[in-house]
Protein chains: 2
Amino acid sequence: MRKNSKEAIVEAAVFLFNTKGFSGTSIRDIAARAEINPANIAYYFQNKNGLLEYCFTAFFEDYLKELEAGYQLLDESAESCLKLIVDNLLKYQCRNLQLTRFVLREMTLDSQMVREVMSTYYVKERYYLKKVLEKGMRTKEFKNHTVLYIILQLKGFLTTPFLNMYYVNEVLHILPHEKYFAEKYSREICKWIESALCEAKPLAERRVISV
Amino acid sequence: MRKNSKEAIVEAAVFLFNTKGFSGTSIRDIAARAEINPANIAYYFQNKNGLLEYCFTAFFEDYLKELEAGYQLLDESAESCLKLIVDNLLKYQCRNLQLTRFVLREMTLDSQMVREVMSTYYVKERYYLKKVLEKGMRTKEFKNHTVLYIILQLKGFLTTPFLNMYYVNEVLHILPHEKYFAEKYSREICKWIESALCEAKPLAERRVISV
């Protein structure tokens, strides 16, 4: 009747980390919520830091797989490749809402573990996104842009709803846990790709108001 | 020779909160770094929570003033109003880099204090942004959009560099503390306003690739 206990531990831990914070949660709390013996946690993860490392690895390994699945389309077209990457990453994060929220929040710290995770996964992510953007600019699908600023904007789109979940729910009344969200938001980012990134008519005839 | 001690306390506290976390920082640590007597902290702020509340209030009161200064331009044009708001908020956050980073990070939690701050300041922010966007759509300066999704994207632009400061520095090599950054990034967001938000030629002739 119960799920396997490793999964139950991770689920309970992520729930508690998101409500009480990582430092505010004890192994005993996690064991109680997961309805298991605390010794099981030690058996699987050694300690709380082991659990944290497991969360990072679990999240980013699958995250990269989704990215790489989209990246396969690069030979076809940079635009459709980038759109598929966005769509894959968004849906992946929506499927793993609580884990995503927790991992993204922890990644805003400067700990030793964050540095290691960053230099492994985020550097790879930058590598793929850079390749896609550079190819698109070379083939004139995309306008010329500063690549790293585009990645910054893209990351903003991809992380904001999850990192600021409470704000998004309570102030904007947008509900990332509803199936509708991933589809609608993915379309919004695709619109941004089409209008801000892709080559189009020159903007010269548009009135530009400087501030 | 020394700055007034209230300011020195806040500066030391924000520095420590950003490196050791809020829970990981003690009043004693703050006093040592600010080179003052711990009793001074109690005198000004009562305790750590008082200090936290002070940081929120200090940040958001001035944040709203910057927003309201831009909002004054609404009678002229929704586009230039929105651009001025973005420019003001970005420059304000760049001038207060460490405080911004700390406050935005704390706002990703679900605490009682966060809820109160949100229902005061973020609800007001939503009110102003909504007014600007709705006016722009009414006057046909802006295309028709789901207002709250545009606010979500705008907030992503405005928060990401500060919330993910370590990533932005170390992975993208973008340096928000350099004067250059606010100007360049503000131009990027203005481009987004022009291309994604503003009314332009129909996109019908553009090839749309669905994913």
# chains A, B, ... in the order shown; residues from 1 in each chain; ligands from 1

$ interface_residues --of "chain A" --to "chain B" --cutoff "6 Å" --atoms "only C-alpha atoms" --output "JSON, numbers by chain"
{"A": [84, 108, 148, 156, 157, 160, 164, 172, 192, 195, 196, 211]}

$ write_last_selection --atoms "C-alpha atoms" --output "compact mmCIF listing (two decimals), in the first residue's frame"
# COMPACT_ATOMS: atom_id res chain seq x y z
CA LEU A 84 11.02 22.46 -27.72
CA THR A 108 20.14 31.14 -4.82
CA LEU A 148 24.39 35.70 -22.38
CA GLY A 156 14.05 34.40 -15.81
CA PHE A 157 11.07 33.04 -17.72
CA THR A 160 10.19 32.79 -11.88
CA ASN A 164 8.08 32.76 -6.54
CA LEU A 172 -1.31 36.93 -9.69
CA TRP A 192 8.80 36.08 -26.93
CA SER A 195 8.96 38.55 -31.50
CA ALA A 196 12.12 39.41 -29.57
CA VAL A 211 13.16 57.07 -21.24

$ select_by_dssp --residues "chain A" --states "helix (DSSP H, G or I)" --output "PyMOL selection string"
chain A and resi 5-20+27-34+38-45+48-75+78-95+97-106+112-138+147-163+165-170+179-197

$ residues_around --residues "Lys48 in chain A" --least-positions-apart "2" --cutoff "12 Å" --atoms "only C-alpha atoms" --output "JSON, numbers by chain"
{"A": [9, 10, 13, 14, 17, 22, 23, 24, 25, 26, 27, 28, 29, 30, 31, 38, 41, 42, 43, 44, 45, 46, 50, 51, 52, 53, 54, 55]}

$ atom_distance --atom1 "CA of Lys91 in chain A" --atom2 "CA of Asn169 in chain B"
27.4 Å

$ atom_distance --atom1 "CA of Phe181 in chain B" --atom2 "CA of Lys131 in chain A"
23.7 Å

$ atom_distance --atom1 "CA of Leu16 in chain B" --atom2 "CA of Cys94 in chain B"
18.9 Å

$ closest_residue --among "B:Glu116, B:Asp75, B:Glu7, B:Glu141" --to "Thr57 in chain B" --atoms "only C-alpha atoms"
B:Glu116
